[in-house]
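Take a look at the structure below.
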Amino acid sequence: MAEKKLMKGNEALAEGTVRAGCRFFAGYPITPQNEVPEYLSWRLPEVGGSFVQAESEVSAINMIYGAAATGVRCMTSSSSPGISLKQEGISYCAGADLPFFYANVCRGGPGLGNIAGAQGDYFQSTRCGGHGDYKVFVMAPDSVNEMANFPRKCYEVAYKYRIPTMVLADGIIGQMMEPVEFKDPEIDVEKLPKLDWTLGVAGSRGKRIVNSYDLAEDMLEKMVLARVEKYKEIEENEVMYEEKQLDDANIIIVAYGTAARVSLAAIKMARDKGIKVGLFRPITLWPYPKKRLSELGDKVKHFLTVEMSTGQMIEDVQLSLNGKAKTYLHSKPGGSIMAAEDVLETIESISKKGAKEYATTK
Amino acid sequence: MQLLNKRPESLVDMKMHYCPGCSHGIIHRLVAEVMDELDIRNRTIGIAPVGCSVFADKYFNCDMIQGPHGRGPAIATGLKRTTPGAIVFSYQGDGDLASIGMAEIVHTAIRSENITVIYVNNAIYGMTGGQMAPTTLIGQKATTCPHGRDAKLTGDPIKMSEMLATIEGAKYIERTSVHTAPNVIKTKNAIKKAFENQINNGGFSMVEILSTCPTNWKLDPVKSLKYVNDNMTKVFPLGVYKDSKGGE
Amino acid sequence: MPEIKVDDSKCKGCYICIEACPKKCIEISKEFSKSGYYPVKYTGTDCIGCQQCARICPDLAIEVYK
């Protein structure tokens, strides 16, 4: 069994990235993700990698664009405003089919907002935050342990499909300490497969071009549509979610990250009062577990979305259910966390108005 | 009969899209000749910018990447740090390098990234249709300063070579021009030196090349060469601005 | 005797080679090229093979032979 360590979320993410083969990082300081660059500034040189504190987020993401083009596993991290600055570069990476990994340790917004944990960047993450038609593979950890282990999955998906991948965490997960167990053995970068599209020392092979443009008629459309096929495959194969206490539930809470943790506490309180509530936790926010939610909508008629925003993921819940069930929102934006007691109150009101009647008339 | 000027292998044999008299073609050829002469084509990665030379990724016969406006030096940093065995050059215009990409070029020089920058200064935005550039001369007309650039409103032209020469990490900085054949030869020598500096791990090098844009200057190509000589070289004097031996 | 050959498909008629030639042995052709320009051509005499024209040509349209 692997050794358990007590680690801070951001540091676990950084270490997990190195163990997953990352050898290049470029980033710019911003709270609450600073432990990521701080950790990598000494850790990457230890494994023969390179760390750059860039002059801005814009520069950082373009260093990543260059590094990703050589096939070396690379990473950048930031928090909300910094991720906004990186969007042009992320779009270029998506348009040039370059795999890389980044993390958004989300804080309160819009604008400078605050430095507390929040979930207001759901749309930015899942709806392609930059310009053009593209998708990013998004994983949402709800624990320090997941922070440690998700980078590996992100690299796997990134290289399998040649797309950008990200972890959408929040300031709370980034800052808290928990026991961590690195599930998989460290990746030996020397043994990673050789890629047939990377730039570098060409030797006898012909030239290669990495770009994201085509001005010839219909050609860009073809490029974009080819990517859509790839996205369909990802939606088919890479969806991840977790279900808790759904067997007898007549209310399902849909929540990710910190909001899922709070929801679990609320579920326990509700069950103590005899209300049958369960948790559906999307782990991949794109691709979203639409199919599974739709199946659940055949059995359960009340879905409460709990999120630390004004209500962004609820749109995906509604799209997935497509009118099959009633949807409710418990929202707490602005970098504050909902109290489990308040979520319980929402559960109780749904139960009084709807779920109980539904349960009795069934 | 012997052919004296063989087309460089480092340039793909295709027609370039540049306007008649545009200096980009000359500069492309010089970079390619240098790659041939130093035998580095098979390990060079070039960065094509946004602007008229965006298609440089097709023209140079080495690995190429096209990136966002102004970010060439940052891309070069990522390429070079992950592939130290490669020779990396960033090809940039004046809007790219001296306006939107100012932070990138300055900090890449500060870190003395071991790369080569080819900076083509034609004092105007070409591809977007002739808008004022950071290097547009005082009095020079552009579509966004139709009455001529006025220092009171827009400041003076930026002198990148002079500015970057003040940076410790900038190891070789020279400004040349391609408005006459002898100047073309000088430019080639400067480009060669900038690549040699990189091969010797000498740190950051940049060659600023004064260049023409007959289309947007609204001058014929021959008059454009004269404009470089009579006007541009007065504001942007040619010469070596920094030559400090770095490297191993 | 040295001479130059102009590739009509590449010449865009900018004529800066004419300006650069020290012997003034390049002239404008009267034939319209397929690319839509009046390309340059060698007058047929006086070329010294100095390559100044080829050095300044932006389109690699001139070959110099000796």
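Each chain of the structure tokens is named A, B, ... in the order shown, its residues numbered from 1; ligands are numbered from 1 in display order.
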Self-check item: Shell around Ala190 of chain B at 12 Å using only C-alpha atoms, local window under 4 positions removed, as a PyMOL selection string
Solution: chain B and resi 27+30-31+34+116-119+172-178+183-186+194-197+205-209+238-243
Exercise. Just the residues within 10 Å of Gly130 of chain B, please, counting only C-alpha atoms, with nothing from its chain fewer than 2 positions along; format it as a VMD selection string.
Key: chain B and resid 123 to 128 132 to 133 141 to 145 213 215 to 218
Quiz item: What are the residues of chain B that have an atom within 8 Å of an atom of chain C, counting only C-alpha atoms, as a PyMOL selection string?
Solution: chain B and resi 1-7+15-16+19-27+29+178-182+184-185+220-222
Exercise. Please provide as a VMD selection string all residues within 6 Å of segment 43-59 of chain A, with the sequence filter that same-chain residues fewer than 3 positions apart are discarded (counting only C-alpha atoms).
Key: (chain A and resid 23 to 28 40 62 82 85 to 86) or (chain B and resid 74)
File dump, residues just selected, N, CA, C and O atoms, as a PDB file, in the first residue's frame:
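Result went into result-v7.pdb, see below:
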```pdb
ATOM      1  N   ARG A  23       7.235  18.117 -16.590  1.00  0.00           N
ATOM      2  CA  ARG A  23       8.630  18.557 -16.531  1.00  0.00           C
ATOM      3  C   ARG A  23       8.786  20.042 -16.859  1.00  0.00           C
ATOM      4  O   ARG A  23       9.894  20.547 -16.988  1.00  0.00           O
ATOM      5  N   PHE A  24       7.694  20.737 -17.039  1.00  0.00           N
ATOM      6  CA  PHE A  24       7.796  22.181 -17.296  1.00  0.00           C
ATOM      7  C   PHE A  24       6.588  22.890 -16.704  1.00  0.00           C
ATOM      8  O   PHE A  24       5.443  22.468 -16.893  1.00  0.00           O
ATOM      9  N   PHE A  25       6.867  23.961 -15.986  1.00  0.00           N
ATOM     10  CA  PHE A  25       5.798  24.787 -15.427  1.00  0.00           C
ATOM     11  C   PHE A  25       6.108  26.246 -15.713  1.00  0.00           C
ATOM     12  O   PHE A  25       7.239  26.692 -15.584  1.00  0.00           O
ATOM     13  N   ALA A  26       5.089  26.994 -16.104  1.00  0.00           N
ATOM     14  CA  ALA A  26       5.204  28.451 -16.189  1.00  0.00           C
ATOM     15  C   ALA A  26       3.947  29.038 -15.562  1.00  0.00           C
ATOM     16  O   ALA A  26       2.841  28.571 -15.851  1.00  0.00           O
ATOM     17  N   GLY A  27       4.122  30.013 -14.703  1.00  0.00           N
ATOM     18  CA  GLY A  27       2.953  30.605 -14.046  1.00  0.00           C
ATOM     19  C   GLY A  27       3.296  31.949 -13.436  1.00  0.00           C
ATOM     20  O   GLY A  27       4.437  32.426 -13.530  1.00  0.00           O
ATOM     21  N   TYR A  28       2.293  32.547 -12.850  1.00  0.00           N
ATOM     22  CA  TYR A  28       2.436  33.885 -12.280  1.00  0.00           C
ATOM     23  C   TYR A  28       1.726  33.874 -10.930  1.00  0.00           C
ATOM     24  O   TYR A  28       0.650  33.271 -10.810  1.00  0.00           O
ATOM     25  N   LEU A  40       6.633  23.817  -7.093  1.00  0.00           N
ATOM     26  CA  LEU A  40       7.275  23.355  -8.332  1.00  0.00           C
ATOM     27  C   LEU A  40       8.608  24.059  -8.597  1.00  0.00           C
ATOM     28  O   LEU A  40       9.466  23.532  -9.298  1.00  0.00           O
ATOM     29  N   ASN A  62       1.630  31.183 -22.950  1.00  0.00           N
ATOM     30  CA  ASN A  62       2.321  31.042 -24.231  1.00  0.00           C
ATOM     31  C   ASN A  62       3.619  30.248 -24.103  1.00  0.00           C
ATOM     32  O   ASN A  62       4.057  29.600 -25.062  1.00  0.00           O
ATOM     33  N   GLY A  82      -6.502  35.252 -13.344  1.00  0.00           N
ATOM     34  CA  GLY A  82      -5.348  34.795 -14.113  1.00  0.00           C
ATOM     35  C   GLY A  82      -5.749  33.812 -15.191  1.00  0.00           C
ATOM     36  O   GLY A  82      -5.182  33.801 -16.290  1.00  0.00           O
ATOM     37  N   LEU A  85      -7.024  35.675 -18.124  1.00  0.00           N
ATOM     38  CA  LEU A  85      -5.926  36.165 -18.972  1.00  0.00           C
ATOM     39  C   LEU A  85      -5.360  35.060 -19.863  1.00  0.00           C
ATOM     40  O   LEU A  85      -4.835  35.334 -20.929  1.00  0.00           O
ATOM     41  N   LYS A  86      -5.434  33.840 -19.421  1.00  0.00           N
ATOM     42  CA  LYS A  86      -4.837  32.733 -20.175  1.00  0.00           C
ATOM     43  C   LYS A  86      -5.743  32.205 -21.291  1.00  0.00           C
ATOM     44  O   LYS A  86      -5.344  31.322 -22.049  1.00  0.00           O
TER      45      LYS A  86
ATOM     46  N   ALA B  74       7.784  34.310 -25.503  1.00  0.00           N
ATOM     47  CA  ALA B  74       7.280  33.395 -24.469  1.00  0.00           C
ATOM     48  C   ALA B  74       7.204  31.976 -25.030  1.00  0.00           C
ATOM     49  O   ALA B  74       7.611  31.007 -24.367  1.00  0.00           O
TER      50      ALA B  74
END
```
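Counting only C-alpha atoms, every residue of chain A that comes within 6 Å of chain B is listed here: Ser59, Asn62, Met63, Ile64, Gly66, Ala67, Leu199, Gly200, Val201, Ala202, Gly203, Lys207, Arg208, Ile209, Val210 and Asn211 of chain A.
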Exercise. Work out how far atom CA of Lys291 of chain A is from atom CA of Thr165 of chain A, in Å to one decimal.
Key: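 Taking atom CA of Thr165 of chain A as the start and atom CA of Lys291 of chain A as the end point, the length is 21.4 Å.
The coordinates place atom CA of Glu236 of chain A at 29.1 Å from atom CA of Ser80 of chain A.
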